[in-house]
Structures are given as C-alpha cells and as structure tokens.
Amino acid sequence: MIYLDHSATTPLCEGARQAMAEAMACFGNPSSLHAEGLRAQKLLEQARRQVMQGLGGHAERQGELFFTSCGTEATSLALFGTAYAKKRREACRIITTDSEHPSVSQALARLSEDGFEIVRIPTRGGALDMAALNAALDKPVLLASMMMVNNETGARYDVEEAFRRIKAKYPEAVTHCDAVQGFLKTPFTPMTLGADLITLSGHKVHAPKGVGALYVSKKILTAKRLVPFLVGGGQERGMRSGTENVIGIAGFGGAVAELSPRIKEELAAMESLRSEAERRVRDMGIAVNTPVCHAPHILHITLPHIKSETMLHFLSSEGLCVSSGSACSSHASHPSDALLSFGLSAHEADCSLRISLGRENTPSDIDALCRGLQAGLDRLVRIKH
Ligand code: PLP
C-alpha cells in the first residue's frame, strides 16, 4: 500500500509510539494530588513543552497551550470563546476566508445566527484578496479567523499580511489561525504569524487521533478575551474542562519532539517529490491546480473528465491511497466550497484529486502514482462535460 493521503491523517511515528507506551504505564488522573497523579501531570507538562517548542520562537514566553480533543474543538474554543468573552459587543464583525475548513465555517455560521456579522474574504487562485480585506476594515473587527494552509488545494495563504493589516487598524481585534495543515509543514512562529490564537491537531503530525491544542497569547489571557467553551472540573487551567487524554497528549508531544529537529530536510524532500509529481502529471495531460503559494505536501489535480471517485477507487485497487476531497467532506454530496472558491467549476471540482505527501514517501511512490494515474486515464470511461 502506498499512502498519499497525509492531509487526512498520518501514521504514528516512533516518537509518538514511545511516548504513548510510557504514558500507558501511568494510569493516574493528572488532577490527583498523589504520586500517580503527579506522574500523569508531569507527562502532560512535558508534552506541552514539546509542542510549544515545535511552535518555536520562544512561544512559551509569549503564550500558553491548552490541550483539547482535536483541532475542531480547539477552533470552537477559539471562536465561541472569543465571541462570548465580550459582554458588550461594540464590534461584532468577524473576518474569515471563503475556503475555511468546516470546523471554522460551521462555527461561524452559528455565530452568524447569533447576530455576529461574518465577512468572507475571497481566495481565488489560492490567494487572499487583499483589496477585499481592506474594504472589510471599514468597521471595527472583533475577530479574524483565517487558515494557514488550505486542506484541499494546499494553498498557503498570506495570513501574516492579513493579520498585520487588521491589527494596524484595529489593535484590539483578536486573530485566530487554523494551522492544522501548516504546523510542521511551513515555517512560522506565533510572533511571525501575528496570531493570538492558533489551532493545532495531533493526527496531522504523526501523533494519534483525538488530540489537538489551542495556543493562546498571554495578552489575550491577561485581557480575559477568551472564555472556556467546555466547562466543568476546571482542567487545563480552567480553559478546557474534562479529564485530559494523557496517552494521546503524550503522543502529540513525542511526535512533535521527533519531527521538529528534522523538519527542514524532510520538507525539502517532500517539496522535491511534489514538484516531480507535478511535472509528470502535467505531462500526462492532467491539470494541476497550483496556488500562488503552496505547502510542500499537497498536490491538487483535475482529471480530464473522469470522476474523482472513479479514479480514487481505481487507484485504491492498485494499492494507492489518495483523496477526492478532505476526509471530513468526502461524504458531502455538493462540490467543495474551497474548490469553488479557488476558481474551479462544479464539474472540475467533481473530477479533482488531492495527493498529500508525508515524510515516509519516496521517489518510487511517485513512480507508482504516475503509473496508476496513467493506467486509470487509459482504462476509465470519461464522463460528458
Ligand atoms: N482544520 C483543517 C485545515 C483540517 O484539515 C482539519 C482536519 O482535516 C481540521 C481543522 C480538523 O482537525 P481535527 O480532525 O483534529 O478535528
């Protein structure tokens, strides 16, 4: 099996396995004051340091990290936690993009029902429309939530510039970045990003599923601009109640500790595989949807009138795993908003595949992918335009 769907999820790395095995030997509740509880708490704090170090740029001095059950929950904490922190809503405008992951877009749809005004900045061709952003700054902004790397097209948005413009006009605006697809794939620190809140997810970086984190700047914590979304026993310093998933969190820390020191070389290798794949699929007459700026692990292609699912199942029968959309939207019957926002027609979106690379992929995997795609092109029935 050749796995080329790392944007959906990644296999556990050795660092995560080892850390989880160690954590499995400790069953204590981190809130307990006895020795077994303290052991569990130590594991949590070690993982917190490891993930913070992965964020780099002395993130530990500028903010705090709160573990959650997934990236989706971290984003809910960021968005609902900011929206409801302000009792008096002088500003109720929230700026976002038109191609966010559903964890952001669906949460904002709820906030819209509650009276918040949502302004979506277009991302045609994979770039933020800065003129539209400037126009959206005509009224005070409560919150901006923009993803770093699009999970379908691999577009790396210039979130830094967008947040800089927003803060220049409204220094009190809270900035949130969904960095789930960008963490350990593209260089940034909380400072360079200009984000007050950053969403991370473990299973995209070779940690287990079911663990995420929200980075929160000290400025936001001090000003009490964020209120908890899950309330109860007061775990995670009151910011996220519920007994912590110690094993998963330890795995997250172990994975980040293993990946961080090798990141430059691994990403360079991924980028070279990606560009080789891009060159070869273009030569086959397949369109490549290359954003203005892209992450090194995602290649998004549109097949010539072959339904993506037909090709996906064919490739799967040849031992190749790719995706016809993000894993979370693969059950949806409508074309992906992110692809339409990119500029694809509904027909093109229906004929598109995402190939997402990981650290274990090799040049021979790209050979196999190209052989599989060529065989598919030769054998599969084309649909009418
Ligand atoms: N944000 C982006 C960009 C994603 O790609 C995903 C998962 O695919 C998420 C958020 C949600 O993360 P999780 O699966 O940990 O809830």
# chains A, B, ... in the order shown; residues from 1 in each chain; ligands from 1

$ residues_near_ligand --ligand "ligand 1" --cutoff "6 Å" --atoms "only C-alpha atoms and all ligand atoms" --output "count of residues only"
13

$ residues_around --residues "Cys293 (chain A)" --least-positions-apart "4" --cutoff "8 Å" --atoms "only C-alpha atoms" --output "NGL selection string"
:A and (126-127 or 155-157)

$ atom_distance --atom1 "CA of Ala368 (chain A)" --atom2 "CA of Gly125 (chain A)"
28.8 Å

$ closest_residue --among "A:Gly253, A:Gly372, A:Gly154, A:Pro122" --to "Met284 (chain A)" --atoms "only C-alpha atoms"
A:Gly372

$ select_by_dssp --residues "region 126-219 of chain A" --states "helix (DSSP H, G or I)" --output "list in words"
Gly126, Met130, Ala131, Ala132, Leu133, Asn134, Ala135, Ala136, Val159, Glu160, Glu161, Ala162, Phe163, Arg164, Arg165, Ile166, Lys167, Ala168, Lys169, Pro190, Met191, Thr192, Leu193, Gly202, His203, Lys204, Lys218 and Lys219 of chain A

$ atom_distance --atom1 "CA of Arg93 (chain A)" --atom2 "CA of Leu142 (chain A)"
5.5 Å
